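Trainee: This is work-v5.cif (mmCIF, C-alpha atoms).
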```
data_target
loop_
_atom_site.label_atom_id
_atom_site.label_comp_id
_atom_site.auth_asym_id
_atom_site.auth_seq_id
_atom_site.Cartn_x
_atom_site.Cartn_y
_atom_site.Cartn_z
CA MET A 1 0.00 0.00 0.00
CA THR A 2 1.34 3.40 -0.92
CA ARG A 3 1.65 6.20 1.56
CA ILE A 4 -1.14 8.21 -0.02
CA GLU A 5 -3.49 5.25 0.22
CA ASP A 6 -2.67 5.08 3.91
CA ALA A 7 -3.44 8.76 4.24
CA LYS A 8 -6.69 8.30 2.40
CA LYS A 9 -7.63 5.46 4.66
CA GLU A 10 -6.83 7.49 7.74
CA TYR A 11 -8.97 10.27 6.33
CA GLU A 12 -11.86 7.95 5.55
CA THR A 13 -11.88 6.26 8.91
CA MET A 14 -12.30 9.55 10.67
CA GLU A 15 -15.03 9.23 13.25
CA ILE A 16 -18.30 10.79 12.17
CA PRO A 17 -20.27 12.30 15.06
CA GLU A 18 -23.73 10.90 15.58
CA GLU A 19 -25.37 14.28 15.57
CA LEU A 20 -24.13 15.06 12.05
CA SER A 21 -27.36 14.10 10.28
CA GLY A 22 -29.37 16.12 12.79
CA ARG A 23 -27.16 19.14 12.08
CA VAL A 24 -27.51 18.69 8.33
CA LEU A 25 -31.29 18.47 8.66
CA SER A 26 -31.48 21.63 10.76
CA GLY A 27 -29.27 23.40 8.23
CA ILE A 28 -31.66 22.39 5.47
CA ALA A 29 -34.69 23.46 7.51
CA GLU A 30 -33.14 26.84 8.35
CA GLY A 31 -32.24 27.42 4.71
CA ARG A 32 -35.80 26.68 3.63
CA ARG A 33 -37.18 29.02 6.27
CA ARG A 34 -34.92 31.83 5.12
CA VAL A 35 -35.98 31.45 1.51
CA ARG A 36 -39.62 31.50 2.50
CA ARG A 37 -39.11 34.54 4.69
CA ARG A 38 -37.47 36.36 1.82
CA HIS A 39 -40.36 35.59 -0.49
CA ALA A 40 -42.73 36.86 2.14
CA LEU A 41 -40.63 40.01 2.41
CA ARG A 42 -40.95 40.54 -1.31
CA ARG A 43 -44.69 40.25 -1.10
CA THR A 44 -44.98 42.78 1.71
CA LEU A 45 -42.72 45.30 0.01
CA GLY A 46 -45.86 46.79 -1.48
CA SER A 47 -47.38 47.63 1.85
CA VAL A 48 -44.08 48.93 3.17
CA ALA A 49 -44.02 51.27 0.22
CA ALA A 50 -47.51 52.41 1.08
CA CYS A 51 -46.40 53.22 4.61
CA LEU A 52 -43.50 55.22 3.25
CA ALA A 53 -45.92 57.19 1.15
CA VAL A 54 -47.93 58.04 4.24
CA LEU A 55 -44.83 59.21 6.02
CA THR A 56 -43.84 61.48 3.21
CA ALA A 57 -47.31 62.73 2.45
CA GLY A 58 -46.75 65.71 4.68
CA LEU A 59 -44.21 67.32 2.39
CA ASN A 60 -46.65 69.95 1.22
CA LEU A 61 -45.62 72.70 3.57
CA PHE A 62 -43.15 75.39 2.66
CA PRO A 63 -42.04 76.82 5.97
CA THR A 64 -40.29 79.75 4.36
CA PHE A 65 -43.42 80.92 2.61
CA ALA A 66 -44.90 83.12 5.29
CA GLU A 67 -41.79 85.27 5.44
CA ALA A 68 -41.46 85.40 1.68
CA ALA A 69 -45.07 86.35 1.18
CA ALA A 70 -44.79 89.17 3.66
CA ASP A 71 -41.98 90.85 1.75
CA VAL A 72 -43.17 90.49 -1.79
CA PRO A 73 -45.66 93.04 -3.12
CA VAL A 74 -48.84 91.57 -4.55
CA LEU A 75 -48.59 91.37 -8.28
CA GLY A 76 -51.33 90.43 -10.66
CA ARG A 77 -49.51 88.08 -12.93
CA VAL A 78 -50.27 84.99 -14.88
CA CYS A 79 -48.32 81.99 -13.79
CA GLU A 80 -47.46 79.05 -15.94
CA VAL A 81 -46.03 75.66 -15.22
CA LEU A 82 -43.35 74.69 -17.71
CA THR A 83 -40.97 71.86 -18.23
CA VAL A 84 -37.53 73.20 -17.48
CA ARG A 85 -35.57 70.02 -17.62
CA SER A 86 -36.20 66.63 -19.06
CA TRP A 87 -33.75 63.78 -19.15
CA GLN A 88 -33.59 60.06 -19.23
CA ARG A 89 -31.04 57.42 -18.64
CA SER A 90 -31.23 53.76 -19.51
CA GLU A 91 -28.94 51.05 -18.43
CA GLU A 92 -29.31 47.33 -18.10
CA GLY A 93 -32.55 46.55 -16.38
CA GLU A 94 -33.29 50.10 -15.36
CA SER A 95 -34.47 53.27 -16.97
CA ILE A 96 -35.02 56.65 -15.38
CA ARG A 97 -37.15 59.34 -16.99
CA VAL A 98 -37.41 62.70 -15.38
CA THR A 99 -39.51 65.64 -16.42
CA GLN A 100 -38.95 68.53 -14.10
CA PRO A 101 -41.44 71.37 -14.02
CA ALA A 102 -41.01 74.94 -12.90
CA VAL A 103 -43.33 77.88 -12.48
CA SER A 104 -42.67 80.87 -14.67
CA GLY A 105 -41.48 84.13 -13.25
CA SER A 106 -38.22 85.48 -12.01
CA ASP A 107 -39.28 86.91 -8.68
CA GLU A 108 -38.37 85.56 -5.30
CA PHE A 109 -41.59 83.53 -5.00
CA ALA A 110 -41.07 81.66 -8.26
CA ARG A 111 -37.40 81.18 -7.46
CA ARG A 112 -38.16 79.64 -4.09
CA ILE A 113 -40.77 77.32 -5.48
CA ASN A 114 -38.56 76.23 -8.32
CA ALA A 115 -35.68 75.57 -5.98
CA GLU A 116 -38.03 73.49 -3.85
CA ILE A 117 -39.27 71.55 -6.89
CA GLN A 118 -35.74 70.93 -8.07
CA LYS A 119 -34.73 69.65 -4.66
CA ARG A 120 -37.65 67.26 -4.53
CA VAL A 121 -37.23 66.04 -8.09
CA GLU A 122 -33.61 65.21 -7.36
CA ALA A 123 -34.48 63.49 -4.10
CA LYS A 124 -37.21 61.56 -5.85
CA SER A 125 -35.10 60.32 -8.73
CA ALA A 126 -32.36 59.31 -6.28
CA GLU A 127 -34.91 57.53 -4.13
CA GLY A 128 -36.38 55.75 -7.12
CA ASP A 129 -32.93 54.68 -8.16
CA ARG A 130 -32.23 53.38 -4.66
CA MET A 131 -35.46 51.38 -4.66
CA VAL A 132 -34.54 49.77 -7.96
CA GLN A 133 -31.07 48.92 -6.66
CA GLU A 134 -32.56 47.38 -3.54
CA TYR A 135 -34.92 45.38 -5.66
CA LYS A 136 -32.01 44.29 -7.85
CA GLU A 137 -30.20 42.99 -4.79
CA ALA A 138 -33.25 41.05 -3.70
CA PHE A 139 -33.71 39.79 -7.26
CA LEU A 140 -30.15 38.51 -7.49
CA SER A 141 -30.03 37.03 -4.02
CA THR A 142 -33.21 35.06 -4.65
CA GLY A 143 -31.82 33.34 -7.68
CA GLY A 144 -32.18 35.88 -10.48
CA THR A 145 -29.18 36.31 -12.74
CA GLU A 146 -27.57 39.46 -14.12
CA GLU A 147 -28.78 38.47 -17.59
CA GLU A 148 -32.37 38.09 -16.43
CA TRP A 149 -32.07 41.42 -14.68
CA ALA A 150 -30.82 43.13 -17.82
CA GLN A 151 -33.92 41.96 -19.69
CA ARG A 152 -36.25 43.62 -17.24
CA ASP A 153 -37.51 47.10 -17.50
CA ASN A 154 -37.63 48.70 -14.13
CA THR A 155 -38.68 52.24 -14.65
CA VAL A 156 -38.30 55.24 -12.41
CA ARG A 157 -40.41 58.10 -13.65
CA VAL A 158 -40.60 61.57 -12.20
CA SER A 159 -43.24 63.61 -13.94
CA TYR A 160 -45.75 66.34 -13.28
CA ASP A 161 -49.37 67.04 -14.06
CA VAL A 162 -51.08 70.39 -14.01
CA LYS A 163 -54.48 69.94 -12.38
CA ALA A 164 -55.91 73.40 -12.70
CA GLN A 165 -54.83 76.85 -13.55
CA THR A 166 -56.56 80.20 -13.25
CA GLU A 167 -55.19 83.69 -13.56
CA SER A 168 -54.17 83.72 -9.97
CA THR A 169 -53.76 80.10 -8.91
CA VAL A 170 -52.09 76.98 -10.15
CA SER A 171 -52.35 73.45 -8.85
CA PHE A 172 -50.04 70.68 -9.98
CA VAL A 173 -48.62 67.42 -8.77
CA VAL A 174 -45.08 66.08 -9.06
CA SER A 175 -45.06 62.26 -9.03
CA LEU A 176 -42.48 59.60 -8.51
CA GLU A 177 -43.41 56.24 -9.96
CA VAL A 178 -41.26 53.18 -9.57
CA SER A 179 -42.28 50.05 -11.38
CA THR A 180 -40.42 46.94 -10.31
CA SER A 181 -42.18 43.89 -8.99
CA VAL A 182 -44.32 46.23 -6.99
CA GLY A 183 -45.67 49.49 -8.21
CA TYR A 184 -44.80 52.44 -6.09
CA GLN A 185 -46.05 55.94 -6.38
CA GLU A 186 -45.46 59.03 -4.36
CA ASP A 187 -46.91 62.45 -5.13
CA ASP A 188 -46.18 65.98 -4.03
CA TYR A 189 -48.95 68.51 -4.51
CA TYR A 190 -48.40 72.18 -5.15
CA ASN A 191 -51.31 74.58 -4.82
CA LEU A 192 -50.13 78.09 -5.33
CA ASP A 193 -51.87 81.42 -5.17
CA VAL A 194 -49.63 83.39 -7.40
CA ALA A 195 -51.32 86.69 -6.83
CA ALA A 196 -50.89 86.39 -3.08
CA ASP A 197 -47.53 84.64 -3.41
CA LYS A 198 -48.52 81.88 -1.07
CA GLU A 199 -49.30 78.23 -0.93
CA LEU A 200 -53.00 77.55 -0.66
CA THR A 201 -54.34 75.50 2.21
CA LEU A 202 -57.67 73.73 2.61
CA ARG A 203 -58.54 76.48 5.08
CA ASP A 204 -58.00 79.11 2.37
CA LEU A 205 -60.36 77.25 0.08
CA LEU A 206 -63.03 76.08 2.53
CA GLY A 207 -62.91 78.51 5.43
CA ASP A 208 -62.33 77.98 9.16
CA ASP A 209 -64.66 74.99 9.30
CA TRP A 210 -62.54 73.09 6.73
CA VAL A 211 -61.86 70.04 8.88
CA ASN A 212 -65.55 69.40 9.51
CA LEU A 213 -66.51 70.13 5.94
CA CYS A 214 -63.95 67.67 4.61
CA ASN A 215 -64.66 64.92 7.10
CA THR A 216 -68.42 65.07 6.63
CA SER A 217 -68.08 65.07 2.89
CA ILE A 218 -65.53 62.23 2.79
CA LYS A 219 -67.53 60.01 5.15
CA ARG A 220 -70.69 60.64 3.17
CA GLN A 221 -68.96 59.81 -0.11
CA MET A 222 -67.54 56.61 1.37
CA ALA A 223 -70.96 55.53 2.66
CA ASP A 224 -72.66 56.44 -0.63
CA SER A 225 -70.14 54.62 -2.76
CA GLU A 226 -71.01 51.53 -4.74
CA ASP A 227 -69.24 49.28 -2.29
CA PRO A 228 -68.52 50.97 1.07
CA SER A 229 -66.70 47.84 2.29
CA VAL A 230 -63.62 48.71 0.23
CA TYR A 231 -62.91 51.48 2.76
CA PHE A 232 -61.19 50.64 6.01
CA ASP A 233 -63.11 51.66 9.11
CA SER A 234 -61.34 53.44 11.93
CA THR A 235 -60.62 50.20 13.80
CA MET A 236 -58.65 49.06 10.76
CA GLY A 237 -56.65 52.26 10.66
CA GLY A 238 -58.93 53.78 8.07
CA PHE A 239 -59.95 57.37 7.56
CA GLU A 240 -60.46 59.48 10.66
CA SER A 241 -59.86 63.09 9.85
CA VAL A 242 -58.11 65.41 7.46
CA ASP A 243 -55.38 67.66 8.82
CA GLU A 244 -52.72 70.11 7.63
CA THR A 245 -50.74 67.30 6.04
CA THR A 246 -53.58 65.92 3.94
CA ASN A 247 -52.77 66.04 0.24
CA PHE A 248 -55.06 67.81 -2.16
CA TYR A 249 -55.18 69.51 -5.50
CA ILE A 250 -57.59 71.98 -7.05
CA ASN A 251 -59.74 70.73 -9.90
CA ALA A 252 -61.08 72.60 -12.91
CA SER A 253 -64.19 73.67 -10.97
CA GLY A 254 -61.97 75.25 -8.37
CA ASN A 255 -62.89 72.67 -5.74
CA PRO A 256 -60.26 71.02 -3.58
CA VAL A 257 -59.83 67.29 -4.20
CA VAL A 258 -58.45 65.42 -1.21
CA VAL A 259 -56.12 62.56 -2.09
CA PHE A 260 -55.18 59.51 -0.05
CA PRO A 261 -52.31 57.28 -1.14
CA ARG A 262 -52.95 53.70 -2.07
CA ALA A 263 -53.92 51.36 0.78
CA THR A 264 -54.19 54.06 3.44
CA VAL A 265 -57.97 54.49 3.66
CA ALA A 266 -59.13 51.78 1.28
CA ILE A 267 -57.99 48.40 0.04
CA GLY A 268 -54.92 48.52 -2.18
CA ALA A 269 -56.86 47.49 -5.25
CA MET A 270 -58.62 50.87 -5.16
CA GLY A 271 -55.31 52.59 -5.82
CA GLN A 272 -55.08 56.22 -4.86
CA VAL A 273 -58.40 57.47 -3.54
CA GLU A 274 -59.75 60.95 -4.24
CA PHE A 275 -62.67 62.92 -2.81
CA GLU A 276 -63.84 66.19 -4.24
CA ILE A 277 -64.99 68.58 -1.55
CA THR A 278 -67.63 70.89 -2.93
CA LYS A 279 -67.76 74.28 -1.33
CA MET B 1 -39.20 22.01 -5.96
CA LYS B 2 -37.46 19.15 -7.75
CA LYS B 3 -34.14 20.90 -7.44
CA GLU B 4 -34.65 21.30 -3.72
CA GLU B 5 -35.41 17.60 -3.29
CA ALA B 6 -32.32 16.66 -5.26
CA LEU B 7 -30.19 18.93 -3.10
CA THR B 8 -31.65 17.61 0.15
CA ALA B 9 -31.03 14.03 -0.96
CA TYR B 10 -27.49 14.88 -2.03
CA LEU B 11 -26.72 16.57 1.28
CA LEU B 12 -27.99 13.70 3.37
CA GLU B 13 -26.24 11.10 1.28
CA ASN B 14 -22.82 12.71 1.33
CA GLN B 15 -22.77 14.27 4.78
CA ALA B 16 -19.87 12.14 5.98
CA SER B 17 -17.63 13.41 3.18
CA PHE B 18 -18.61 16.99 3.99
CA TYR B 19 -17.82 16.47 7.62
CA ARG B 20 -14.43 14.96 6.86
CA LEU B 21 -13.45 17.82 4.62
CA ALA B 22 -14.68 20.39 7.13
CA TYR B 23 -12.87 18.60 9.92
CA SER B 24 -9.65 18.54 7.99
CA TYR B 25 -9.86 22.31 7.60
CA LEU B 26 -10.97 23.15 11.10
CA ASP B 27 -9.44 20.33 13.11
CA ASN B 28 -12.27 20.54 15.60
CA ARG B 29 -15.41 18.48 15.89
CA GLU B 30 -17.84 21.27 16.88
CA ASP B 31 -16.50 23.67 14.29
CA ALA B 32 -16.77 21.03 11.59
CA LEU B 33 -20.38 20.29 12.55
CA ASP B 34 -21.15 24.02 12.52
CA ALA B 35 -19.55 24.41 9.12
CA VAL B 36 -21.53 21.56 7.57
CA GLN B 37 -24.75 22.91 9.05
CA SER B 38 -24.15 26.47 7.83
CA ALA B 39 -23.11 25.24 4.41
CA ALA B 40 -26.31 23.18 4.13
CA CYS B 41 -28.35 26.23 5.13
CA ALA B 42 -26.49 28.46 2.66
CA ALA B 43 -26.96 25.91 -0.10
CA LEU B 44 -30.74 25.92 0.32
CA GLU B 45 -30.69 29.70 0.36
CA LYS B 46 -28.57 29.97 -2.76
CA LEU B 47 -30.18 27.14 -4.64
CA GLY B 48 -31.32 29.57 -7.29
CA SER B 49 -27.72 30.14 -8.31
CA LEU B 50 -27.32 26.47 -9.23
CA LYS B 51 -28.09 26.46 -12.93
CA ASN B 52 -27.26 22.90 -13.75
CA GLN B 53 -28.06 20.10 -11.33
CA ASP B 54 -25.20 18.00 -12.66
CA ALA B 55 -22.85 20.57 -11.17
CA MET B 56 -24.34 20.15 -7.71
CA ARG B 57 -21.26 18.49 -6.27
CA THR B 58 -18.74 21.13 -7.29
CA TRP B 59 -21.25 23.86 -6.46
CA PHE B 60 -21.86 22.58 -2.95
CA TYR B 61 -18.20 21.96 -2.17
CA ARG B 62 -17.52 25.55 -3.16
CA ILE B 63 -20.00 26.69 -0.53
CA LEU B 64 -18.59 24.28 2.03
CA ILE B 65 -14.97 25.29 1.46
CA HIS B 66 -15.89 28.98 1.65
CA THR B 67 -17.67 28.35 4.92
CA CYS B 68 -14.62 26.59 6.35
CA ILE B 69 -12.20 29.26 5.19
CA ASP B 70 -14.47 31.93 6.63
CA GLN B 71 -14.43 30.17 9.97
CA LEU B 72 -10.65 29.91 9.86
CA ARG B 73 -10.43 33.63 9.20
CA ARG B 74 -12.74 34.44 12.07
CA ARG B 75 -10.68 32.19 14.27
CA LYS B 76 -7.56 34.12 13.39
CA ARG B 77 -9.19 37.30 14.60
CA VAL B 78 -10.38 35.83 17.90
CA THR B 79 -8.06 33.11 19.06
CA LEU B 80 -9.33 31.14 21.98
CA VAL B 81 -6.65 28.76 23.05
CA PRO B 82 -7.62 26.27 25.71
CA PRO B 83 -4.80 25.77 28.26
CA GLU B 84 -4.38 22.11 27.38
CA ALA B 85 -3.56 23.13 23.82
CA LEU B 86 -0.55 25.02 25.12
CA ASP B 87 1.29 21.84 25.99
CA GLU B 88 4.79 21.63 24.84
CA GLY B 89 5.12 20.58 21.28
CA SER B 90 1.69 21.67 20.09
CA TYR B 91 3.20 24.27 17.74
CA ASP B 92 5.71 21.94 16.22
CA ASP B 93 5.66 21.52 12.50
CA PRO B 94 4.69 18.02 11.53
CA SER B 95 7.79 15.90 11.47
CA PRO B 96 8.61 13.54 8.64
CA ASP B 97 7.76 10.74 11.06
CA ASP B 98 4.17 11.88 11.29
CA SER B 99 1.68 10.05 9.18
CA LEU B 100 1.16 11.45 5.72
CA ALA B 101 -2.41 12.39 6.65
CA LYS B 102 -1.07 14.67 9.39
CA GLN B 103 1.43 16.20 7.03
CA VAL B 104 -1.33 16.87 4.53
CA ASN B 105 -3.33 18.62 7.24
CA ALA B 106 -0.37 20.87 7.93
CA LEU B 107 -0.28 22.19 4.36
CA PRO B 108 -1.59 25.70 3.61
CA PRO B 109 -5.38 25.57 3.13
CA GLU B 110 -5.36 26.12 -0.65
CA ILE B 111 -2.91 23.32 -1.19
CA GLN B 112 -4.69 21.08 1.26
CA THR B 113 -7.92 21.54 -0.64
CA VAL B 114 -6.36 20.44 -3.88
CA VAL B 115 -4.54 17.47 -2.38
CA LYS B 116 -7.57 16.24 -0.48
CA LEU B 117 -10.07 16.62 -3.27
CA ARG B 118 -7.67 14.97 -5.70
CA TYR B 119 -6.47 12.04 -3.63
CA TYR B 120 -9.06 11.53 -0.91
CA GLU B 121 -12.19 12.35 -2.88
CA GLU B 122 -10.65 11.32 -6.18
CA TRP B 123 -11.82 14.34 -8.09
CA SER B 124 -10.44 15.31 -11.47
CA LEU B 125 -8.30 18.42 -11.66
CA GLN B 126 -11.02 20.03 -13.78
CA GLU B 127 -13.63 19.43 -11.07
CA ILE B 128 -11.29 20.95 -8.53
CA ALA B 129 -10.84 23.96 -10.79
CA ASP B 130 -14.63 24.30 -11.13
CA THR B 131 -15.12 24.17 -7.38
CA THR B 132 -12.38 26.51 -6.32
CA GLY B 133 -12.73 28.92 -9.20
CA TRP B 134 -8.98 28.68 -9.84
CA ASN B 135 -7.92 27.93 -13.35
CA LEU B 136 -6.56 24.54 -14.24
CA SER B 137 -2.92 25.56 -14.25
CA THR B 138 -3.25 27.11 -10.79
CA VAL B 139 -4.76 23.88 -9.54
CA LYS B 140 -1.86 21.92 -11.03
CA THR B 141 0.74 24.29 -9.58
CA ARG B 142 -0.82 23.98 -6.15
CA LEU B 143 -1.09 20.22 -6.35
CA TYR B 144 2.51 19.73 -7.40
CA GLY B 145 3.66 22.32 -4.88
CA GLY B 146 1.85 20.31 -2.23
CA LEU B 147 3.35 17.04 -3.32
CA LYS B 148 6.81 18.57 -3.32
CA LYS B 149 6.26 19.67 0.27
CA LEU B 150 5.19 16.20 1.19
CA ARG B 151 8.34 15.01 -0.55
CA ILE B 152 6.50 12.36 -2.43
CA SER B 153 5.88 11.74 -6.04
CA LEU B 154 2.47 10.41 -6.92
CA GLU B 155 2.54 10.89 -10.64
CA GLY B 156 2.72 7.20 -11.16
CA GLU B 157 -0.14 6.43 -8.83
CA TYR B 158 -2.92 8.86 -9.58
CA ALA B 159 -1.82 10.62 -12.71
CA THR B 160 -4.59 12.64 -14.29
#
```
Rewrite the coordinates I just gave you, this time as structure tokens.
Mentor:
Amino acid sequence: MTRIEDAKKEYETMEIPEELSGRVLSGIAEGRRRVRRRHALRRTLGSVAACLAVLTAGLNLFPTFAEAAADVPVLGRVCEVLTVRSWQRSEEGESIRVTQPAVSGSDEFARRINAEIQKRVEAKSAEGDRMVQEYKEAFLSTGGTEEEWAQRDNTVRVSYDVKAQTESTVSFVVSLEVSTSVGYQEDDYYNLDVAADKELTLRDLLGDDWVNLCNTSIKRQMADSEDPSVYFDSTMGGFESVDETTNFYINASGNPVVVFPRATVAIGAMGQVEFEITK
Amino acid sequence: MKKEEALTAYLLENQASFYRLAYSYLDNREDALDAVQSAACAALEKLGSLKNQDAMRTWFYRILIHTCIDQLRRRKRVTLVPPEALDEGSYDDPSPDDSLAKQVNALPPEIQTVVKLRYYEEWSLQEIADTTGWNLSTVKTRLYGGLKKLRISLEGEYAT
């Protein structure tokens, strides 16, 4: 017998602990559990996103506005919302399209708003990009390959939509949409009174009783809807009351339209839910 | 699911080989058991990365060897030496009188891997290259380097 055969024999006669098969089985079980947990995580990503949207829904306030409005003389001017910048970037598996609006005018008010919009558009495209990267990581670690990833089209879109415009006011929304395995949308609403150089609030539109007016109207609309059961009741964390952070835009009739992100007051399948509050 | 069943069956069938390899890296019963368990867990987790079931063996050994090397690295950072291990002579290099198996265990990990997979597990050099990710010539260099250290020539016995 050669020396290496001896060595092999010594190696092969090594004592195998009894608990080995138990350890292998628990390794297998733990591995299975982790895979399942990760799939579950993927499924709940949608509702996590919805929570994020609720957290960021309060972005509508411009704290610097009061001071700015006090200094600037009232001007009767027509305001327009224009696209100032539009760009897109595509790489493997991901494309980003950004359309950045701005309000016309060169005074301090327009400058401040435009700076604010620019800041948010940049934050939004970066956030969208981050979400896609996170999803990519999850995709690859759950067995997807780089090639499969490259064939996907995960889109980050930042765009805007003008809801209503009069001589003195303008209402528009800047949206971030991320489409990966889960759709994600986040909107910022801008309601500006250009003549008064200020951001409009629900109080400005509806008067001091705005909270009551909104709540009564929303609850009535929910109850009158085709299927009231799609709305969560208050025990399920559903609608309770509007407040200063509630999103809204102004429609063509000049009425405020209150907006709730997906899955906050109604089942997710309803998408974003809107209620027009008639004055 | 089929892939998962095949993996589970493979793991249970070959656990003794895994343990032996892990033990030869870690030289400690508990550590070897831990390594086999973590490698089994990691394999289930990473099953998606196994494209071809025929490659299961090389694929799993890659995971196992990485797990062992990781543990060795961690051990280097935190060295817990039990007093009985400090007996005189425990740091001695293996002497030529030691059994060949002991001398193999004293080789640097990369060389050990090649020698063990080649001669104990009777793998081809190509399979070793697939598992370790080293190219074929690196595998050969390491194998012959190892043999030289062991001062034996095996060409005649297990030539590729």
Trainee: Could you state which residues are captured by the PyMOL selection byres ((chain B) within 10 of (chain A)) in this file, as number ranges by chain?
Mentor: B: 4, 7-8, 11-13, 15-21, 23-24, 29-30, 32-51, 99-104, 116, 119-122, 152-154, 157-158
Trainee: Just so the selection is clear, what residues does the PyMOL selection byres ((chain A and resi 87) around 8) cover here, as a count of residues only?
Mentor: 7
Trainee: To test your reading of the syntax: which residues would the PyMOL selection byres ((chain B and resi 142) around 9) return for the file shown? Reply as a ChimeraX atom specification.
Mentor: /B:110-112,114-115,137-141,143-147
Trainee: For a test of reading the model, state the distance in Å between CA of Trp59 in chain B and CA of Glu18 in chain A, rounded to one decimal.
Mentor: 25.7 Å
Trainee: List the spatial neighbours of range 264-273 of chain A as number ranges by chain - criterion: any atom at most 6 Å away, only C-alpha atoms, same-chain residues fewer than 4 positions off excluded.
Mentor: A: 230-232, 238-239, 259-260
Trainee: Any idea what the distance is between CA of Thr83 in chain A and CA of Thr246 in chain A?
Mentor: 26.2 Å
Trainee: Considering only C-alpha atoms, return as an NGL selection string whatever protein or nucleic-acid residues lie within 10 Å of Gly128 in chain A, sequence-local ones (same chain, fewer than 4 positions apart) excluded.
Mentor: :A and (96 or 122-124 or 132-134 or 155-158 or 176-179 or 184-185)
Trainee: Rounded to one decimal place, report the CA of Ser175 in chain A-CA of Asn255 in chain A distance in Å.
Mentor: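 Separation between CA of Ser175 in chain A and CA of Asn255 in chain A: 20.9 Å.
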Trainee: Which is closer to Glu276 in chain A than all the others in A:Ser225, A:Ser241, A:Ser217, A:Ser168, using only C-alpha atoms?
Mentor: A:Ser217
Trainee: Out of A:Ala126, A:Ala150, A:Ile117, A:Val81, which residue has the shortest atom-to-atom distance to Asp188 in chain A when counting all atoms listed in the file?
Mentor: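 So, comparing all the options, the nearest one is A:Ile117.
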